[in-house]
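Undergrad: What follows is structure-v2.txt, made up of compact mmCIF, C-alpha atoms:
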# COMPACT_ATOMS: atom_id res chain seq x y z
CA GLY A 115 3.21 -137.88 -0.55
CA TRP A 116 1.17 -134.87 -1.45
CA THR A 117 -2.32 -135.35 -2.82
CA LYS A 118 -3.52 -132.56 -5.10
CA ASN A 119 -7.10 -131.69 -6.01
CA GLY A 120 -7.41 -128.55 -8.10
CA THR A 121 -6.00 -125.69 -6.01
CA SER A 122 -6.02 -127.79 -2.82
CA ALA A 123 -3.31 -130.10 -1.56
CA SER A 124 -3.08 -132.42 1.42
CA HIS A 125 -0.30 -134.40 3.07
CA PRO A 126 -0.51 -137.10 5.79
CA GLY A 127 2.03 -135.15 7.82
CA LEU A 128 -0.43 -132.26 8.22
CA PHE A 129 -3.03 -134.33 10.05
CA ALA A 130 -3.25 -134.03 13.84
CA ASP A 131 -5.45 -135.59 16.52
CA GLY A 132 -5.95 -132.43 18.58
CA ASP A 133 -7.52 -129.01 18.12
CA GLN A 134 -5.47 -125.95 17.14
CA GLN A 135 -2.21 -127.82 16.61
CA THR A 136 0.35 -126.22 14.31
CA LYS A 137 2.17 -128.11 11.59
CA VAL A 138 5.06 -126.53 9.70
CA VAL A 139 5.65 -126.94 5.96
CA PHE A 140 9.01 -125.88 4.49
CA ALA A 141 9.79 -125.18 0.85
CA ALA A 142 13.41 -125.54 -0.29
CA HIS A 143 15.37 -125.73 -3.51
CA ASP A 144 18.84 -126.82 -4.53
CA ASN A 145 21.59 -124.31 -3.90
CA PRO A 146 23.40 -123.63 -7.19
CA ASP A 147 26.33 -122.24 -5.21
CA ALA A 148 26.89 -125.47 -3.28
CA VAL A 149 30.28 -127.14 -3.70
CA PRO A 150 30.60 -130.89 -3.09
CA GLY A 151 32.68 -131.49 0.01
CA ASN A 152 32.34 -127.88 1.23
CA ASP A 153 30.09 -128.06 4.29
CA SER A 154 30.18 -124.28 4.78
CA ILE A 155 27.78 -123.84 1.85
CA PRO A 156 24.43 -125.58 2.43
CA PRO A 157 23.29 -127.84 -0.43
CA VAL A 158 19.74 -126.45 -0.27
CA LYS A 159 18.20 -123.03 0.34
CA LEU A 160 15.03 -122.40 2.35
CA ALA A 161 12.45 -120.75 0.08
CA GLY A 162 9.63 -120.35 2.59
CA GLN A 163 7.71 -121.65 5.55
CA LEU A 164 3.97 -122.27 6.00
CA ASN A 165 2.32 -122.79 9.39
CA VAL A 166 -0.80 -124.95 9.14
CA VAL A 167 -3.26 -124.91 12.04
CA THR A 168 -5.55 -127.90 12.52
CA TYR A 169 -9.07 -127.59 13.93
CA THR A 170 -11.53 -130.15 15.23
CA PRO A 171 -14.91 -129.55 13.51
CA VAL A 172 -17.49 -127.63 15.57
CA ARG A 173 -21.15 -128.51 14.92
CA HIS A 174 -24.34 -126.87 16.19
CA THR A 175 -28.05 -126.78 15.35
CA VAL A 176 -30.00 -123.56 14.86
CA HIS A 177 -33.80 -123.34 14.77
CA ILE A 178 -35.36 -120.45 12.83
CA ILE A 179 -38.86 -119.63 14.05
CA PRO A 180 -41.32 -117.22 12.37
CA VAL A 181 -43.74 -115.39 14.67
CA ASN A 182 -47.35 -114.48 13.91
CA THR A 183 -47.56 -112.94 10.41
CA VAL A 184 -43.96 -113.66 9.36
CA ALA A 185 -43.80 -115.75 6.19
CA LEU A 186 -40.41 -117.33 5.52
CA THR A 187 -39.86 -118.07 1.83
CA GLN A 188 -36.20 -119.03 2.11
CA ASP A 189 -35.10 -122.54 1.22
CA THR A 190 -33.73 -124.34 4.26
CA ALA A 191 -30.97 -126.11 2.34
CA ALA A 192 -29.88 -122.86 0.69
CA VAL A 193 -29.69 -121.02 4.02
CA GLN A 194 -27.71 -123.86 5.57
CA ALA A 195 -25.30 -123.98 2.63
CA ALA A 196 -24.73 -120.21 2.73
CA VAL A 197 -24.18 -120.09 6.49
CA ASN A 198 -21.80 -123.04 6.41
CA ALA A 199 -19.85 -121.52 3.54
CA ILE A 200 -19.16 -118.51 5.79
CA PHE A 201 -18.02 -120.64 8.72
CA ARG A 202 -16.15 -123.24 6.65
CA PRO A 203 -12.72 -121.52 6.97
CA ALA A 204 -13.15 -121.81 10.76
CA VAL A 205 -14.14 -125.50 10.44
CA ALA A 206 -17.60 -124.98 11.92
CA GLU A 207 -21.04 -125.85 10.59
CA PHE A 208 -24.70 -125.55 11.50
CA THR A 209 -27.70 -127.73 10.86
CA VAL A 210 -30.49 -125.27 10.01
CA VAL A 211 -34.08 -126.17 10.91
CA PHE A 212 -37.10 -124.04 9.97
CA GLU A 213 -39.85 -124.48 12.55
CA PRO A 214 -43.61 -123.88 12.13
CA THR A 215 -45.05 -120.43 12.78
CA LEU A 216 -45.22 -119.53 16.46
CA THR A 217 -48.47 -117.75 17.30
CA VAL A 218 -48.17 -115.26 20.15
CA PRO A 219 -51.34 -113.10 20.39
CA GLU A 220 -49.91 -110.87 23.12
CA PHE A 221 -46.98 -109.82 20.90
CA ASP A 222 -47.79 -106.76 18.76
CA GLY A 223 -45.30 -107.58 16.01
CA GLN A 224 -42.65 -104.92 16.66
CA LEU A 225 -39.72 -105.88 18.86
CA SER A 226 -38.80 -103.12 21.31
CA ASP A 227 -35.21 -102.12 22.08
CA ILE A 228 -33.24 -102.78 25.23
CA PRO A 229 -32.79 -99.53 27.20
CA GLU A 230 -29.10 -98.79 27.79
CA SER A 231 -29.74 -98.65 31.54
CA MET A 232 -31.32 -102.10 31.62
CA LEU A 233 -29.09 -104.72 33.30
CA SER A 234 -30.30 -107.58 31.14
CA ASN A 235 -29.63 -109.15 27.77
CA TYR A 236 -33.35 -109.34 26.90
CA THR A 237 -36.48 -107.21 27.36
CA PRO A 238 -39.62 -108.70 28.94
CA GLU A 239 -41.04 -108.89 25.40
CA MET A 240 -38.05 -110.93 24.23
CA ASN A 241 -38.35 -113.17 27.29
CA LEU A 242 -42.02 -113.74 26.42
CA LEU A 243 -41.04 -115.03 22.97
CA LYS A 244 -38.20 -117.09 24.42
CA GLY A 245 -40.60 -118.71 26.87
CA LYS A 246 -42.97 -119.65 24.05
CA VAL A 247 -40.11 -121.34 22.18
CA LYS A 248 -38.97 -123.19 25.29
CA SER A 249 -42.44 -124.71 25.60
CA GLN A 250 -42.21 -126.30 22.15
CA SER A 251 -41.40 -129.97 21.69
CA TYR A 252 -38.36 -129.20 19.54
CA TYR A 253 -36.65 -127.14 22.24
CA ASP A 254 -33.20 -128.37 23.28
CA GLY A 255 -31.05 -126.28 25.60
CA GLU A 256 -27.91 -127.10 23.61
CA ASP A 257 -29.28 -125.66 20.35
CA TYR A 258 -29.56 -122.07 19.10
CA TYR A 259 -32.74 -120.20 18.21
CA LEU A 260 -33.40 -117.25 15.91
CA ILE A 261 -36.90 -115.84 16.29
CA VAL A 262 -38.10 -113.91 13.23
CA VAL A 263 -40.43 -111.02 14.11
CA PRO A 264 -42.27 -108.73 11.66
CA SER A 265 -40.15 -105.67 12.57
CA MET A 266 -37.86 -104.06 15.13
CA GLN A 267 -38.30 -100.69 16.80
CA GLN A 268 -34.88 -99.33 15.86
CA PRO A 269 -34.64 -98.35 12.16
CA GLY A 270 -31.97 -100.26 10.29
CA ARG A 271 -31.65 -103.04 12.84
CA VAL A 272 -32.16 -106.44 11.22
CA GLY A 273 -30.91 -108.75 13.95
CA PHE A 274 -30.03 -108.98 17.61
CA MET A 275 -28.35 -111.77 19.60
CA PRO A 276 -26.38 -111.15 22.80
CA ARG A 277 -22.96 -112.73 22.97
CA LYS A 278 -22.87 -116.18 24.60
CA ARG A 279 -26.64 -116.57 24.45
CA HIS A 280 -28.78 -119.17 22.70
CA PHE A 281 -31.61 -116.87 21.58
CA GLY A 282 -31.51 -114.17 18.95
CA PHE A 283 -34.01 -112.18 16.89
CA LEU A 284 -34.33 -111.29 13.21
CA SER A 285 -36.48 -108.62 11.54
CA GLU A 286 -38.53 -109.74 8.55
CA ALA A 287 -38.95 -106.11 7.43
CA GLY A 288 -35.20 -105.57 7.18
CA LEU A 289 -34.21 -108.86 5.59
CA THR A 290 -35.39 -108.22 2.06
CA SER A 291 -33.00 -110.48 0.14
CA PRO A 292 -31.73 -114.05 0.57
CA ALA A 293 -28.13 -112.80 0.80
CA THR A 294 -28.97 -110.35 3.62
CA PHE A 295 -30.97 -113.00 5.44
CA ASN A 296 -28.18 -115.59 5.23
CA ARG A 297 -25.46 -113.19 6.30
CA THR A 298 -27.52 -111.90 9.23
CA VAL A 299 -28.15 -115.45 10.42
CA ALA A 300 -24.39 -116.08 10.36
CA HIS A 301 -23.60 -112.72 12.02
CA GLU A 302 -25.98 -113.32 14.92
CA LEU A 303 -24.80 -116.91 15.41
CA ALA A 304 -21.22 -115.62 15.54
CA HIS A 305 -22.29 -113.44 18.49
CA GLY A 306 -24.29 -116.10 20.29
CA ALA A 307 -22.51 -119.37 19.58
CA PHE A 308 -18.93 -118.14 19.22
CA HIS A 309 -18.99 -114.95 21.33
CA LEU A 310 -17.44 -112.85 18.56
CA GLN A 311 -17.34 -109.07 18.95
CA HIS A 312 -17.79 -106.48 16.26
CA VAL A 313 -14.36 -105.82 14.79
CA TYR A 314 -14.68 -102.06 15.39
CA ASP A 315 -15.29 -102.75 19.09
CA ARG A 316 -12.29 -105.04 19.33
CA PHE A 317 -9.79 -102.81 17.51
CA ASP A 318 -9.34 -99.19 18.55
CA GLY A 319 -9.49 -96.72 15.68
CA LEU A 320 -11.37 -99.04 13.32
CA SER A 321 -14.57 -97.44 12.05
CA PRO A 322 -17.75 -99.42 11.33
CA GLY A 323 -18.16 -100.47 7.71
CA THR A 324 -14.48 -100.30 6.76
CA THR A 325 -13.79 -104.04 6.36
CA ASP A 326 -15.48 -106.99 4.66
CA ASN A 327 -15.53 -108.95 7.91
CA LEU A 328 -18.67 -110.80 8.99
CA MET A 329 -18.58 -108.90 12.28
CA ASP A 330 -18.64 -105.47 10.62
CA THR A 331 -21.57 -103.48 9.22
CA GLY A 332 -20.44 -103.48 5.59
CA GLY A 333 -22.17 -106.67 4.50
CA GLY A 334 -18.99 -108.77 4.31
CA GLU A 335 -18.65 -112.45 5.13
CA THR A 336 -14.93 -112.85 5.86
CA LEU A 337 -13.61 -114.27 9.12
CA PHE A 338 -10.08 -113.43 10.28
CA LYS A 339 -7.64 -115.96 11.73
CA TYR A 340 -8.14 -114.82 15.35
CA GLN A 341 -11.88 -115.39 14.86
CA TRP A 342 -11.26 -118.97 13.70
CA ASP A 343 -9.49 -119.51 17.02
CA ASN A 344 -12.37 -117.92 18.95
CA VAL A 345 -14.81 -120.29 17.26
CA HIS A 346 -12.89 -123.19 18.82
CA ASP A 347 -12.14 -121.46 22.10
CA PRO A 348 -14.86 -118.81 22.56
CA GLU A 349 -13.90 -115.79 24.59
CA SER A 350 -15.26 -116.04 28.11
CA ASN A 351 -15.94 -112.34 28.76
CA PHE A 352 -18.98 -111.85 30.99
CA THR A 353 -21.71 -110.28 28.89
CA LEU A 354 -24.06 -108.61 31.36
CA PHE A 355 -22.50 -105.20 30.73
CA ASP A 356 -21.76 -105.58 27.02
CA ASP A 357 -22.75 -102.53 25.01
CA GLU A 358 -26.35 -102.82 23.77
CA GLY A 359 -25.21 -102.64 20.17
CA GLU A 360 -22.70 -105.45 20.59
CA GLY A 361 -25.22 -108.10 19.61
CA GLU A 362 -26.93 -106.29 16.77
CA SER A 363 -26.73 -106.43 13.02
CA VAL A 364 -27.50 -103.36 10.94
CA VAL A 365 -27.78 -102.76 7.21
CA SER A 366 -25.24 -100.44 5.61
CA SER A 367 -22.87 -100.38 2.64
CA CYS A 368 -19.12 -100.82 2.31
CA ASN A 369 -16.68 -100.25 -0.54
CA ALA A 370 -13.50 -100.44 1.53
CA GLN A 371 -10.94 -103.23 1.36
CA PRO A 372 -10.37 -105.54 4.34
CA PRO A 373 -7.19 -105.31 6.40
CA THR A 374 -4.45 -107.76 5.51
CA GLU A 375 -4.94 -111.05 7.35
CA ASP A 376 -3.87 -114.66 7.25
CA PHE A 377 -4.67 -116.75 4.20
CA SER A 378 -7.40 -119.35 4.50
CA ILE A 379 -6.44 -122.84 5.60
CA GLU A 380 -9.65 -124.79 5.78
CA GLY A 381 -9.10 -127.38 8.48
CA ARG A 382 -6.48 -129.86 7.45
CA ILE A 383 -6.46 -128.90 3.78
CA VAL A 384 -4.06 -126.27 2.51
CA THR A 385 -5.80 -124.11 -0.09
CA THR A 386 -3.88 -121.74 -2.34
CA SER A 387 -5.02 -119.37 -5.05
CA GLY A 388 -3.29 -116.80 -7.23
CA THR A 389 0.31 -116.43 -6.11
Write out the structure in this file as structure tokens.

TA:
Amino acid sequence: GWTKNGTSASHPGLFADGDQQTKVVFAAHDNPDAVPGNDSIPPVKLAGQLNVVTYTPVRHTVHIIPVNTVALTQDTAAVQAAVNAIFRPAVAEFTVVFEPTLTVPEFDGQLSDIPESMLSNYTPEMNLLKGKVKSQSYYDGEDYYLIVVPSMQQPGRVGFMPRKRHFGFLSEAGLTSPATFNRTVAHELAHGAFHLQHVYDRFDGLSPGTTDNLMDTGGGETLFKYQWDNVHDPESNFTLFDDEGEGESVVSSCNAQPPTEDFSIEGRIVTTSGT
């Protein structure tokens, strides 16, 4: 028994107890060439096959913390809804918490860059801000933290979060619209929480800004099927020697079409649209 709801359909046979289990759906129709009693001609023809992957929901909490003069005007519920809409195809969601302003007199307001020769994921300045957050009553080592600073030293950089780390940074000066803010939050969390690489670093010959993927520079929000899997089984590459730009988000534009990828199956619900 299929249950339909608009363009979505579910079936008890598609449910599974484990993570990343594959269920197979076949479509068949009567064979008009079949002859009763002639077993050499099958009575039905296979029209197609659909592999449905099940995922166990992944849930995290992210704290967004303004520093010094930063004034956050975004609505918490709207940010949470936008971020979760991006991660919904991967069956992951975040609880977004906006924390009170963090006053750090010794921070001048502009976040410096990490020198390429520096064997660390954070500068001393970043570690200063991290330490201030860790001293707050809301700090929990299992959660994720995005510290919003007035600006960043490198032009065009709006966010930075090393892969497999719990702390990232956002630039108030570069995040001038709700859409850019929400996407950058999701992009940085994809680095930190799910260890996702930029797509142009993962695939040889792919230039930055040529897809609509979340992990590209074109402003897209799409996640590919292999990234859904990484969300549930994050890549374990050691990050000490990751390229400095691997954890950054920059503002650019993109008019290109994304590469062909799997259709979206959102958890245990099969969603179809168009053909």

Undergrad: Can you work out the spacing between CA of Arg202 (chain A) and CA of Thr121 (chain A) in Å, to one decimal?

TA: 16.4 Å

Undergrad: Give me, please, the distance in Å between CA of Val313 (chain A) and CA of Val262 (chain A), quoted to one decimal.

TA: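 One can read the CA of Val313 (chain A) to CA of Val262 (chain A) distance as 25.1 Å.
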
Undergrad: Find the distance between CA of Ser249 (chain A) and CA of Asn235 (chain A) and write it in Å to one decimal.

TA: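 Pair CA of Ser249 (chain A) / CA of Asn235 (chain A) returns 20.3 Å.
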
Undergrad: Kindly provide, as a ChimeraX atom specification, the polymer residues lying within 12 Å of (-26.3, -115.9, 13.6), counting only C-alpha atoms and using the coordinates exactly as they appear in the file.

TA: /A:174-178,193-194,196-198,200-201,207-208,210,258-262,272-284,294-310,328-329,335,361-363

Undergrad: Would you export the selected residues with C-alpha atoms as an mmCIF file, in the frame of the given file, please?

TA:
data_model
loop_
_atom_site.group_PDB
_atom_site.id
_atom_site.type_symbol
_atom_site.label_atom_id
_atom_site.label_comp_id
_atom_site.auth_asym_id
_atom_site.auth_seq_id
_atom_site.Cartn_x
_atom_site.Cartn_y
_atom_site.Cartn_z
ATOM 1 C CA HIS A 174 -24.340 -126.870 16.190
ATOM 2 C CA THR A 175 -28.050 -126.780 15.350
ATOM 3 C CA VAL A 176 -30.000 -123.560 14.860
ATOM 4 C CA HIS A 177 -33.800 -123.340 14.770
ATOM 5 C CA ILE A 178 -35.360 -120.450 12.830
ATOM 6 C CA VAL A 193 -29.690 -121.020 4.020
ATOM 7 C CA GLN A 194 -27.710 -123.860 5.570
ATOM 8 C CA ALA A 196 -24.730 -120.210 2.730
ATOM 9 C CA VAL A 197 -24.180 -120.090 6.490
ATOM 10 C CA ASN A 198 -21.800 -123.040 6.410
ATOM 11 C CA ILE A 200 -19.160 -118.510 5.790
ATOM 12 C CA PHE A 201 -18.020 -120.640 8.720
ATOM 13 C CA GLU A 207 -21.040 -125.850 10.590
ATOM 14 C CA PHE A 208 -24.700 -125.550 11.500
ATOM 15 C CA VAL A 210 -30.490 -125.270 10.010
ATOM 16 C CA TYR A 258 -29.560 -122.070 19.100
ATOM 17 C CA TYR A 259 -32.740 -120.200 18.210
ATOM 18 C CA LEU A 260 -33.400 -117.250 15.910
ATOM 19 C CA ILE A 261 -36.900 -115.840 16.290
ATOM 20 C CA VAL A 262 -38.100 -113.910 13.230
ATOM 21 C CA VAL A 272 -32.160 -106.440 11.220
ATOM 22 C CA GLY A 273 -30.910 -108.750 13.950
ATOM 23 C CA PHE A 274 -30.030 -108.980 17.610
ATOM 24 C CA MET A 275 -28.350 -111.770 19.600
ATOM 25 C CA PRO A 276 -26.380 -111.150 22.800
ATOM 26 C CA ARG A 277 -22.960 -112.730 22.970
ATOM 27 C CA LYS A 278 -22.870 -116.180 24.600
ATOM 28 C CA ARG A 279 -26.640 -116.570 24.450
ATOM 29 C CA HIS A 280 -28.780 -119.170 22.700
ATOM 30 C CA PHE A 281 -31.610 -116.870 21.580
ATOM 31 C CA GLY A 282 -31.510 -114.170 18.950
ATOM 32 C CA PHE A 283 -34.010 -112.180 16.890
ATOM 33 C CA LEU A 284 -34.330 -111.290 13.210
ATOM 34 C CA THR A 294 -28.970 -110.350 3.620
ATOM 35 C CA PHE A 295 -30.970 -113.000 5.440
ATOM 36 C CA ASN A 296 -28.180 -115.590 5.230
ATOM 37 C CA ARG A 297 -25.460 -113.190 6.300
ATOM 38 C CA THR A 298 -27.520 -111.900 9.230
ATOM 39 C CA VAL A 299 -28.150 -115.450 10.420
ATOM 40 C CA ALA A 300 -24.390 -116.080 10.360
ATOM 41 C CA HIS A 301 -23.600 -112.720 12.020
ATOM 42 C CA GLU A 302 -25.980 -113.320 14.920
ATOM 43 C CA LEU A 303 -24.800 -116.910 15.410
ATOM 44 C CA ALA A 304 -21.220 -115.620 15.540
ATOM 45 C CA HIS A 305 -22.290 -113.440 18.490
ATOM 46 C CA GLY A 306 -24.290 -116.100 20.290
ATOM 47 C CA ALA A 307 -22.510 -119.370 19.580
ATOM 48 C CA PHE A 308 -18.930 -118.140 19.220
ATOM 49 C CA HIS A 309 -18.990 -114.950 21.330
ATOM 50 C CA LEU A 310 -17.440 -112.850 18.560
ATOM 51 C CA LEU A 328 -18.670 -110.800 8.990
ATOM 52 C CA MET A 329 -18.580 -108.900 12.280
ATOM 53 C CA GLU A 335 -18.650 -112.450 5.130
ATOM 54 C CA GLY A 361 -25.220 -108.100 19.610
ATOM 55 C CA GLU A 362 -26.930 -106.290 16.770
ATOM 56 C CA SER A 363 -26.730 -106.430 13.020
#

Undergrad: Which residue is closest to Tyr340 (chain A)? Choose from A:Pro292, A:Pro214, A:Pro203, A:Pro219 and count all atoms listed in the file.

TA: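 Using all atoms listed in the file, Tyr340 (chain A) sits closest to A:Pro203.
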
Undergrad: Measuring atom to atom with all atoms listed in the file, identify which of A:Leu160, A:Thr215, A:Asp144, A:Val172 is nearest to Lys246 (chain A).

TA: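 Using all atoms listed in the file, Lys246 (chain A) sits closest to A:Thr215.
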
Undergrad: So, with only C-alpha atoms as the atoms that count, which of A:Lys248, A:His312, A:Arg173, A:His346 lies closest to Thr324 (chain A)?

TA: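 Counting only C-alpha atoms, the residue closest to Thr324 (chain A) is A:His312.
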
Undergrad: For region 323-333 of chain A, supply all heavy atoms and report the output as a PDB file, in the frame of the given file.

TA:
ATOM      1  N   GLY A 323     -17.967-100.451   9.151  1.00  0.00           N
ATOM      2  CA  GLY A 323     -18.160-100.470   7.710  1.00  0.00           C
ATOM      3  C   GLY A 323     -16.903-100.326   6.890  1.00  0.00           C
ATOM      4  O   GLY A 323     -16.980-100.079   5.691  1.00  0.00           O
ATOM      5  N   THR A 324     -15.727-100.489   7.502  1.00  0.00           N
ATOM      6  CA  THR A 324     -14.480-100.300   6.760  1.00  0.00           C
ATOM      7  C   THR A 324     -13.769-101.597   6.418  1.00  0.00           C
ATOM      8  O   THR A 324     -12.660-101.575   5.880  1.00  0.00           O
ATOM      9  CB  THR A 324     -13.516 -99.389   7.545  1.00  0.00           C
ATOM     10  OG1 THR A 324     -13.287 -99.963   8.843  1.00  0.00           O
ATOM     11  CG2 THR A 324     -14.098 -97.997   7.698  1.00  0.00           C
ATOM     12  N   THR A 325     -14.376-102.742   6.727  1.00  0.00           N
ATOM     13  CA  THR A 325     -13.790-104.040   6.360  1.00  0.00           C
ATOM     14  C   THR A 325     -14.885-104.897   5.723  1.00  0.00           C
ATOM     15  O   THR A 325     -16.071-104.552   5.752  1.00  0.00           O
ATOM     16  CB  THR A 325     -13.218-104.792   7.573  1.00  0.00           C
ATOM     17  OG1 THR A 325     -14.296-105.428   8.300  1.00  0.00           O
ATOM     18  CG2 THR A 325     -12.480-103.848   8.512  1.00  0.00           C
ATOM     19  N   ASP A 326     -14.489-106.041   5.180  1.00  0.00           N
ATOM     20  CA  ASP A 326     -15.480-106.990   4.660  1.00  0.00           C
ATOM     21  C   ASP A 326     -15.669-108.150   5.624  1.00  0.00           C
ATOM     22  O   ASP A 326     -16.080-109.238   5.238  1.00  0.00           O
ATOM     23  CB  ASP A 326     -15.069-107.493   3.263  1.00  0.00           C
ATOM     24  CG  ASP A 326     -13.881-108.443   3.301  1.00  0.00           C
ATOM     25  OD1 ASP A 326     -13.191-108.500   4.351  1.00  0.00           O
ATOM     26  OD2 ASP A 326     -13.640-109.141   2.295  1.00  0.00           O
ATOM     27  N   ASN A 327     -15.390-107.903   6.908  1.00  0.00           N
ATOM     28  CA  ASN A 327     -15.530-108.950   7.910  1.00  0.00           C
ATOM     29  C   ASN A 327     -16.991-109.204   8.252  1.00  0.00           C
ATOM     30  O   ASN A 327     -17.818-108.286   8.231  1.00  0.00           O
ATOM     31  CB  ASN A 327     -14.764-108.555   9.177  1.00  0.00           C
ATOM     32  CG  ASN A 327     -14.611-109.713  10.152  1.00  0.00           C
ATOM     33  OD1 ASN A 327     -15.419-109.876  11.059  1.00  0.00           O
ATOM     34  ND2 ASN A 327     -13.580-110.508   9.954  1.00  0.00           N
ATOM     35  N   LEU A 328     -17.310-110.437   8.593  1.00  0.00           N
ATOM     36  CA  LEU A 328     -18.670-110.800   8.990  1.00  0.00           C
ATOM     37  C   LEU A 328     -19.139-109.969  10.177  1.00  0.00           C
ATOM     38  O   LEU A 328     -20.326-109.632  10.276  1.00  0.00           O
ATOM     39  CB  LEU A 328     -18.732-112.292   9.342  1.00  0.00           C
ATOM     40  CG  LEU A 328     -20.062-112.821   9.878  1.00  0.00           C
ATOM     41  CD1 LEU A 328     -21.141-112.781   8.799  1.00  0.00           C
ATOM     42  CD2 LEU A 328     -19.897-114.236  10.430  1.00  0.00           C
ATOM     43  N   MET A 329     -18.218-109.610  11.069  1.00  0.00           N
ATOM     44  CA  MET A 329     -18.580-108.900  12.280  1.00  0.00           C
ATOM     45  C   MET A 329     -18.433-107.382  12.130  1.00  0.00           C
ATOM     46  O   MET A 329     -18.175-106.662  13.092  1.00  0.00           O
ATOM     47  CB  MET A 329     -17.741-109.409  13.460  1.00  0.00           C
ATOM     48  CG  MET A 329     -17.831-110.909  13.651  1.00  0.00           C
ATOM     49  SD  MET A 329     -19.542-111.551  13.586  1.00  0.00           S
ATOM     50  CE  MET A 329     -20.239-110.824  15.057  1.00  0.00           C
ATOM     51  N   ASP A 330     -18.605-106.898  10.912  1.00  0.00           N
ATOM     52  CA  ASP A 330     -18.640-105.470  10.620  1.00  0.00           C
ATOM     53  C   ASP A 330     -20.014-105.155  10.029  1.00  0.00           C
ATOM     54  O   ASP A 330     -20.838-106.058   9.827  1.00  0.00           O
ATOM     55  CB  ASP A 330     -17.517-105.109   9.639  1.00  0.00           C
ATOM     56  CG  ASP A 330     -17.131-103.637   9.695  1.00  0.00           C
ATOM     57  OD1 ASP A 330     -17.876-102.850  10.302  1.00  0.00           O
ATOM     58  OD2 ASP A 330     -16.083-103.286   9.122  1.00  0.00           O
ATOM     59  N   THR A 331     -20.261-103.888   9.732  1.00  0.00           N
ATOM     60  CA  THR A 331     -21.570-103.480   9.220  1.00  0.00           C
ATOM     61  C   THR A 331     -21.595-103.324   7.705  1.00  0.00           C
ATOM     62  O   THR A 331     -22.585-102.857   7.155  1.00  0.00           O
ATOM     63  CB  THR A 331     -21.992-102.139   9.857  1.00  0.00           C
ATOM     64  OG1 THR A 331     -21.027-101.133   9.522  1.00  0.00           O
ATOM     65  CG2 THR A 331     -22.088-102.255  11.366  1.00  0.00           C
ATOM     66  N   GLY A 332     -20.521-103.710   7.022  1.00  0.00           N
ATOM     67  CA  GLY A 332     -20.440-103.480   5.590  1.00  0.00           C
ATOM     68  C   GLY A 332     -21.008-104.557   4.718  1.00  0.00           C
ATOM     69  O   GLY A 332     -20.907-104.470   3.493  1.00  0.00           O
ATOM     70  N   GLY A 333     -21.581-105.594   5.298  1.00  0.00           N
ATOM     71  CA  GLY A 333     -22.170-106.670   4.500  1.00  0.00           C
ATOM     72  C   GLY A 333     -21.195-107.753   4.098  1.00  0.00           C
ATOM     73  O   GLY A 333     -21.534-108.623   3.292  1.00  0.00           O
TER      74      GLY A 333
END
